[in-house]
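These notes concern the structure reproduced below.
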Amino acid sequence: MKLTIGFSPCPNDTFIFDALIHHKIDTEGLNFDVFFDDVETLNNKAMRGELDVTKLSFHAMAYVLDQYALLDAGSALGFGVGPLLICKNETLLHQNKLSADLRIGIPGKFTTANFLLGIAFPHLLNKQELVFSDIENALLNGKIDLGLIIHENRFTYGDRGLYKIIDLGNYWEGLTGCAIPLGGIVVNRNLDVAVQQKVNRVLRKSVEYAFSNPKSGIDFIRQHSQEMNEAVMYQHIELYVNQYSIDLGVEGRKAVDKLFEMAQSKKIIPKISNYIYVTPGY
């Protein structure tokens with residue numbers, strides 16, 4: 001059986017999916033046509049129901065739960081992994097309140113990063129959507145005043161003379177005590193439930209294989225990464241791939257549920273009526 005699957009070219013995703021798409025594990029008869037896209041493109045594809053299986057932001061997930069269900073394997077959650085709000089102008093670090101006029105580059109309207117920005121700084125509305133990898137250059141070129149960065153840019157901004165204003169992941173953790181849910185893997189509800197659960201099983205095996213054989217996918221990871229420094233690539237992987245990527249578990253689901261509860265209470269997302277997960281509750 002062949003399924004379409006979408007994920008980002010970032011090291012954490014290629015690390016997770018390498019064994020799955022290259023058949024280094026038993027995929028239980030499943031084969032995959034792969035689409036590599038940035039997170040906001042994947043979010044929009046999910047809105048249109050284009051893929052059988054896809055990575056997407058938890059923020060965007062709230063808008064597609066009528067079409068997709070969340071797998072327990074493959075998610076990016078954790079502590080100290082949140083998006084960063086950065087700037088080029090060092091004087092912004094010392095202001096008591098950021099001006100509402102500041103131009104902010106965000107990696108997409110439906111990213112979890114933008115959701116967290118809205119909670120922490122609801123008055124900052126002058127936003128420009130950019131591909132996440134273009135945000136640093138936009139800051140350096142003066143096209144924006146603030147940048148909301150994700151993925152491996154967390155490790156490169158300082159070397160380019162940029163400054164961190166706030167770690168929005170730390171902000172979330174202080175607010176809730178939960179890990180921050182960034183992105184998850186969903187499967188189309190049109191597929192038979194047995195197939196949905198099979199996808200969850202083989203993806204878990206793929207993550208477990210990656211942990212057991214961390215260098216196995218290095219060529220695949222390097223091929224798609226914007227950052228060719230191997231140490232930075234694995235620093236990225238270690239930050240975003242953890243026990244929650246194998247299985248959300250009780251604490252992972254608690255964090256996801258908390259995110260959706262808070263977003264609904266603040267009317268950031270619509271009311272959720274569908275059961276979120278593929279597998280039964282814990």
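Identifiers in this document derive from the order of the structure tokens: chains are assigned A, B, ..., residues are numbered from 1 separately in each chain, and ligands are numbered from 1 in order of occurrence.
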Which range 105-189 of chain A residues have any atom within 8 Å of an atom of range 42-53 of chain A, and for each, what is the nearest pair of atoms with distance in Å to one decimal, counting only C-alpha atoms, rows sorted by chain and number, as JSON lines?
```
{"residue": "A:Phe110", "atom": "CA", "partner": "A:Asn43", "partner_atom": "CA", "distance": 7.0}
{"residue": "A:Thr111", "atom": "CA", "partner": "A:Asn43", "partner_atom": "CA", "distance": 7.9}
{"residue": "A:Ile185", "atom": "CA", "partner": "A:Val53", "partner_atom": "CA", "distance": 7.0}
{"residue": "A:Val186", "atom": "CA", "partner": "A:Val53", "partner_atom": "CA", "distance": 5.7}
{"residue": "A:Val187", "atom": "CA", "partner": "A:Val53", "partner_atom": "CA", "distance": 4.4}
{"residue": "A:Asn188", "atom": "CA", "partner": "A:Asp52", "partner_atom": "CA", "distance": 5.1}
```
Quick one: which range 79-159 of chain A residues come within 12 Å of range 3-12 of chain A, and what is the nearest atom pair for each with the distance in Å to one decimal, counting only C-alpha atoms, rows ordered by chain and ascending number, as a Markdown table?
```
| residue | atom | partner | partner_atom | distance |
| --- | --- | --- | --- | --- |
| A:Val131 | CA | A:Ser8 | CA | 11.8 |
| A:Phe132 | CA | A:Cys10 | CA | 10.8 |
| A:Ser133 | CA | A:Cys10 | CA | 10.4 |
| A:Ile150 | CA | A:Cys10 | CA | 10.3 |
| A:His151 | CA | A:Cys10 | CA | 7.1 |
| A:Glu152 | CA | A:Cys10 | CA | 7.7 |
| A:Asn153 | CA | A:Cys10 | CA | 10.6 |
```
Could you produce a table of the residues of range 48-156 of chain A lying within 9 Å of range 249-266 of chain A, with the nearest pair of atoms per residue and their separation in Å rounded to one decimal, using only C-alpha atoms, ordered by chain and increasing residue number, as a tab-separated table?
```
residue	atom	partner	partner_atom	distance
A:Phe58	CA	A:Val256	CA	7.9
A:His59	CA	A:Phe260	CA	8.1
A:Ala62	CA	A:Phe260	CA	7.4
A:Asp72	CA	A:Gly249	CA	7.5
A:Leu77	CA	A:Gly252	CA	7.3
A:Gly78	CA	A:Gly252	CA	8.7
A:Phe115	CA	A:Ala263	CA	8.1
A:Ile119	CA	A:Lys266	CA	8.6
```
Which polymer residues have any atom within 9 Å of an atom of Ser99 in chain A, counting only C-alpha atoms, with same-chain residues fewer than 2 positions away left out, as a PDB file with N, CA, C and O atoms, in the first residue's frame?
```
ATOM      1  N   GLN A  95      14.102  47.590  26.281  1.00  0.00           N
ATOM      2  CA  GLN A  95      12.828  48.281  26.342  1.00  0.00           C
ATOM      3  C   GLN A  95      11.846  47.521  27.231  1.00  0.00           C
ATOM      4  O   GLN A  95      11.787  46.293  27.190  1.00  0.00           O
ATOM      5  N   LYS A  97       8.613  47.606  27.022  1.00  0.00           N
ATOM      6  CA  LYS A  97       7.548  47.060  26.190  1.00  0.00           C
ATOM      7  C   LYS A  97       7.898  47.279  24.729  1.00  0.00           C
ATOM      8  O   LYS A  97       8.283  48.382  24.337  1.00  0.00           O
ATOM      9  N   ASP A 101       4.457  48.958  16.596  1.00  0.00           N
ATOM     10  CA  ASP A 101       4.810  49.289  15.209  1.00  0.00           C
ATOM     11  C   ASP A 101       5.906  48.388  14.645  1.00  0.00           C
ATOM     12  O   ASP A 101       6.154  48.410  13.434  1.00  0.00           O
ATOM     13  N   LEU A 102       6.567  47.640  15.481  1.00  0.00           N
ATOM     14  CA  LEU A 102       7.689  46.814  15.018  1.00  0.00           C
ATOM     15  C   LEU A 102       7.228  45.772  14.005  1.00  0.00           C
ATOM     16  O   LEU A 102       6.186  45.127  14.182  1.00  0.00           O
ATOM     17  N   HIS A 123      -0.153  42.346  21.431  1.00  0.00           N
ATOM     18  CA  HIS A 123      -0.215  43.648  20.754  1.00  0.00           C
ATOM     19  C   HIS A 123       0.672  43.711  19.516  1.00  0.00           C
ATOM     20  O   HIS A 123       0.564  44.655  18.734  1.00  0.00           O
ATOM     21  N   LEU A 124       1.535  42.727  19.329  1.00  0.00           N
ATOM     22  CA  LEU A 124       2.432  42.737  18.172  1.00  0.00           C
ATOM     23  C   LEU A 124       1.716  42.089  16.986  1.00  0.00           C
ATOM     24  O   LEU A 124       1.642  40.875  16.876  1.00  0.00           O
TER      25      LEU A 124
END
```
> If you run DSSP on this backbone, which residues of range 36-196 of chain A come out as alpha helix (DSSP H), and could you give them as a ChimeraX atom specification?
Replying inline: /A:39-47,58-61,112-120,135-140,168-176,193-196
